[in-house]
Each structure stands twice: as C-alpha cells, then as structure tokens.
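Below you'll find the structure, written out as structure tokens, and then a few comments.
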Amino acid sequence: MNIAWVYELPTHRSLLTAHIRCWIPTCRLTTSSRPRPAPHLRFIMKRAASSVSKTTPKAKRQRPQIPEYHLTPSLRDESGEAIWPAPRNQIEKARRLIRECAGAKKKTLIVPDKDADGLTSGAILQKTLVLLGLDPGLISAHLLQKGRNIHDESERKAMAAHEPAFIFVLDQGSRKSPPVIDAPHKALVIDHHWALEDDFPEGSEHVTACNSPPVATSSLLTYHICSPLHEEVERTCDWLCVMGTHGDLGNTLKWEPPFPDMKTTFKTYTKKALNDAVSLINAPRRTSTYGVPAAWAALTAAATPAELLTNPMLLAARAEVNAEVERCTHTAPMFSDDAKIAVFRINSAAQVHPVIATRWAGHLQSAKLEVVLVANEGYLPGMVNFSCRVPRSARVRDPPVNIIEVLRGIAERAPNPTLRERLGESFARGHKEASGGIVPKAEFEEFLEILEIGKKKKSEGASPRKTKKESGPKQSNTLMNYFGK
C-alpha cells in the first residue's frame, strides 16, 4: 500500500534544514510545478509492504526441565525390593536401639542439627520415646554452639556433662571420628549427608539415606524408622516430617511413591501453614544471635504447625533474616577463568549465605556454569563460611555435577600441596548438590587464587579479531548538500 504525505516547509533556510534533519531519511524529494502563493516543497514517501522490516522476535531461552525428585530411580536389592529410604538392616538396628533406650529408663541425649530438618528429626524421636514410655525428665537435648560441630572437643565435653547412657545424633553430617563422648554410652547416628561407610563416630550405630536415591531427608528417615514403633507416631509426627522434608527439598516436592502419602496431613494442617512454619523455624539459626534454643523450645512445645505461626520470637527472627538477605543478595558475582564457578562475597553476622546461594542458583544461567559459591567473611571471626549450590541450568547434566568432588579437585590443583590439609575437616562437606565449608580466611584466599577469579580464559584456536571493513567513498550528492547550495 502506497502512502503519500504533503508537508509545507518553512521558507527560512535554517528552519528548513532543521526540519529535514528530523525527517524520515527514506523519502523522495520533488518540486511542485504549479505556482503557489508561498514557497513550498512536497515530500512524497512511498512505502511498499515488502520494504517493511520483518524481524522475528528472539526466542526466549528455555529453562531446563528438571525431573521430579521422587522419580529418581531407586537402587534394588537381590530380591528386587527398593532400598529406600535406607538399607533395611540399618533401619532395623535403629529401631532396636530406640526400643532398648525407651525400656532402659536411663538418661538420653538428643543432638539435632539446627535447621528445620534437624530440629523436626529430633522432635519426632523425642515424641516417639515418650510414647514408648520413656520419662520426659530423662530426655535432654544438646544444641551446638554457632559454627561448631559434634566433633569439636568443647561440644564433646558439653555432651558428656549430661551423663547420657544413650545418644542420638540427627542430621549433623558424618565423618570418621572418636566416640561421640569418652564415657560409656550407646550412640545412633541418623543422617542423609554424603558419607563413606566408615565416616561415623567410633563405636556408634548409624542409618543413612545418602546411598538410597531419591535421598530422603533426616526427618523423613526418622519418621520412617519410628512410625511402626507406636500407633500414635504417624498422627502426632506427620506434620513434623513434612516440615523437615520441605525445609531441605523445597515445598514443590510431590509426595508420591516412594515418598509416603501425606494427603491427610495437608488436608488437616494446610500446605500454607506447614510452609510458613518451615520458614519460621529456620529463621532463628540464621540470626546473628543464633537463636536455635528458642526454635527448639517452640517446636517441641507445639502440637500443630499453626501454633508456630504466631510465635513473636520466630516472627521477629524471620523479619531480621529477610532484611539481611535483602541487603546482601544484590552482590555482583565474579567468575572463575573457565566460567564454571560463580563467586559471591558478602560480610554478615547472620547465616544468610546458604539462602543467597540458593537464590542465585535459580537465577544464573550459563552453558558452562557448574557451581554457585557464596562466601561469608563476617559470620565467624577469622573464618570464611561458604555455601555452594548447583545452578538450575546445570542440574540435568550427565554426569551430574558433584560439588564435593569439584571443591576437592580445585584444592588438589593448588601449587602448595598442603592446602587441602590446611582447609580442615569442615571443607567440602554436606551433599553432592549442596555443599560448603568453614575455612580460615588465608586458606580461602589461596583457594580462590586457583580459580583465577576475574581472568577470562583464552580459548585455543580463536580466530583473530576482525578488522573494521573499510568503507567506500562517501556519497557527495546528499539531501543536506542540496539545501546548502
């Protein structure tokens, strides 16, 4: 379709020039042969449909489709039965020890981890022991100090001070170590963090989900162990199981086989109440004051998740953590020379580095990126606490990204062969998909130097930079020259 515009131009040359400069450049200039009272020019622009640029919108990058967690294939034993959520022999040993503990009527110590999964695991076990007849007065809980683990000598002494005959360690991670305490005792470790067969305290029994995909949380494993021990366990502890599992695996998890059916639980308590309770129980341990004892007290006193939603201490802790996350989350990333690792450095007395790592792992997209690392230099004096996550764009890689192997591989490339030892036992612990560590600042800087942060790796065989194409002689007869005559 042809379109013609008639435009009366002013007679003054400067105004005429200004109008032409702002006019559409693709036009044809003609003079009118018919006399008019005032000088004029007619601009006729013909635009054919074929001349209109037809650009197709750039296709939006598709997010990788991650398989549903519950569909992860399970391992099977010789009879074809799924080995889930842990090896059967380990589960049976754990049940025998729990029954023995309840019947012995002796001092019992529960040592749960500080997060929702760990605390709910401890609460499930405590409720089960009471249901089995153990006097609540004989049950104590030991909550680790900020930045500590059960293998620290100060924590071993604090646990021994309770004089327990039975010790249950839940969701604390595992490593080869001396006995939980030096005094005579019986210990059971319930866990799901990555571990080798001998990565447990000397003399302890253990049950671990780490080698039984889809890997269950410690709360789900504890719930599975305890449910057959008393008929009231399922009714009183199902919501705790859901809270702990959502705390580690997220609230989009589908409760389909091999996971237990929790439809009744969600109908009774609602998903919103359960998920809000998770964020509230997780908040105190992230604050600068490390309020884990208050979170444990609130959780073990509650009969339903709704009772947690109005707890003023939990609400205040969540508000504090949210503000600190917002302050630190906008830190710009730096990248390793091979672009496989994104590093964020923050300084906060709060434990917000895992939250920020999880957020950025869902945001950053790259064909090369394998690990998102958030390092917090303000959590513990003289130390760097860091958390690592596999970015969403890398979760479907084959073979899958193993953060623990990645971190240890970097340390092994250090010019100084003593670096791996100096990074300590808290380096590269946790899960294959969610690891981290607590290391001295000097060693962390040495670790980062290996990555050559900010230095772009030169690709081999790269083509030389293209030189700018020389343009031909410029057109001398232009529209502006015409009016300048």
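We name chains A, B, ... following the order of the structure tokens; residues begin at 1 in each chain, and ligands are numbered from 1 as shown.
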
Residue list (strand (DSSP E or B), DSSP) for range 402-459 of chain A, as an MDAnalysis selection string: chainID A and resid 427:430 434:440

What are the DSSP alpha helix (DSSP H) residues of range 195-328 of chain A, as number ranges by chain? A: 218-226, 233-249, 263-269, 271-286, 292-301, 312-328

Go ahead and save the residues from that selection, with C-alpha atoms, as a compact mmCIF listing (two decimals), in the first residue's frame.
# COMPACT_ATOMS: atom_id res chain seq x y z
CA SER A 218 16.72 -36.92 58.05
CA SER A 219 13.22 -36.05 59.28
CA LEU A 220 11.60 -38.38 56.75
CA LEU A 221 14.09 -41.13 57.60
CA THR A 222 13.41 -40.68 61.34
CA TYR A 223 9.66 -40.72 60.70
CA HIS A 224 10.01 -43.93 58.68
CA ILE A 225 12.04 -45.56 61.44
CA CYS A 226 9.70 -44.52 64.26
CA VAL A 233 3.60 -41.70 65.84
CA GLU A 234 2.03 -41.10 62.44
CA ARG A 235 -0.81 -38.99 63.83
CA THR A 236 1.38 -36.81 66.05
CA CYS A 237 4.50 -36.54 63.91
CA ASP A 238 3.35 -36.45 60.29
CA TRP A 239 3.40 -32.63 60.17
CA LEU A 240 6.93 -32.60 61.57
CA CYS A 241 8.02 -34.96 58.80
CA VAL A 242 6.54 -32.68 56.14
CA MET A 243 8.11 -29.57 57.66
CA GLY A 244 11.59 -31.09 57.78
CA THR A 245 11.34 -32.51 54.28
CA HIS A 246 10.12 -29.25 52.77
CA GLY A 247 12.89 -27.46 54.64
CA ASP A 248 15.53 -29.43 52.72
CA LEU A 249 13.83 -30.41 49.45
CA LYS A 263 -2.77 -36.06 51.62
CA THR A 264 -4.41 -36.30 55.03
CA THR A 265 -1.64 -34.22 56.58
CA PHE A 266 -2.04 -31.42 54.04
CA LYS A 267 -5.80 -31.51 54.44
CA THR A 268 -5.54 -31.29 58.23
CA TYR A 269 -2.92 -28.54 58.52
CA LYS A 271 0.28 -26.52 52.89
CA LYS A 272 0.48 -22.80 53.60
CA ALA A 273 0.62 -23.29 57.37
CA LEU A 274 3.24 -26.02 57.04
CA ASN A 275 5.46 -23.99 54.69
CA ASP A 276 5.15 -20.82 56.78
CA ALA A 277 6.15 -22.84 59.83
CA VAL A 278 9.26 -24.05 58.00
CA SER A 279 10.47 -20.51 57.34
CA LEU A 280 9.80 -19.52 60.95
CA ILE A 281 11.69 -22.47 62.45
CA ASN A 282 14.61 -21.91 60.07
CA ALA A 283 14.90 -18.20 60.92
CA PRO A 284 16.40 -18.18 64.46
CA ARG A 285 19.51 -20.16 63.50
CA ARG A 286 20.23 -17.63 60.73
CA VAL A 292 18.39 -22.14 67.98
CA PRO A 293 17.32 -22.97 71.60
CA ALA A 294 14.20 -20.82 71.22
CA ALA A 295 13.32 -22.55 67.92
CA TRP A 296 13.72 -25.99 69.54
CA ALA A 297 11.59 -24.98 72.53
CA ALA A 298 8.82 -23.64 70.28
CA LEU A 299 8.83 -26.72 68.04
CA THR A 300 8.78 -29.32 70.81
CA ALA A 301 6.02 -27.47 72.67
CA PRO A 312 6.61 -13.47 68.41
CA MET A 313 10.22 -14.64 68.71
CA LEU A 314 10.03 -16.63 65.49
CA LEU A 315 8.34 -13.77 63.64
CA ALA A 316 10.98 -11.27 64.78
CA ALA A 317 13.79 -13.60 63.75
CA ARG A 318 12.30 -14.06 60.28
CA ALA A 319 11.96 -10.30 59.79
CA GLU A 320 15.61 -9.80 60.78
CA VAL A 321 16.82 -12.52 58.40
CA ASN A 322 14.72 -11.25 55.50
CA ALA A 323 16.19 -7.78 55.88
CA GLU A 324 19.74 -9.13 55.94
CA VAL A 325 19.13 -11.33 52.90
CA GLU A 326 17.82 -8.32 51.00
CA ARG A 327 20.92 -6.32 51.97
CA CYS A 328 23.38 -8.97 50.82

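Computed from the coordinates, the CA of Tyr290 in chain A to CA of Thr331 in chain A distance equals 23.5 Å.
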
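For Ile341 in chain A, the set of protein, DNA and RNA residues having any atom at most 9 Å away, when counting only C-alpha atoms and skipping those fewer than 5 positions along the same chain, is A:Met334, A:Phe335, A:Ser336, A:Lys368, A:Leu369, A:Glu370, A:Val371, A:Val372, A:Leu373, A:Leu451, A:Ile453.
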
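For the choices A:Pro415, A:Gly137, A:Gly409, A:Gly436, the atom-to-atom distance to Arg389 in chain A is smallest for A:Gly436 when using only C-alpha atoms.
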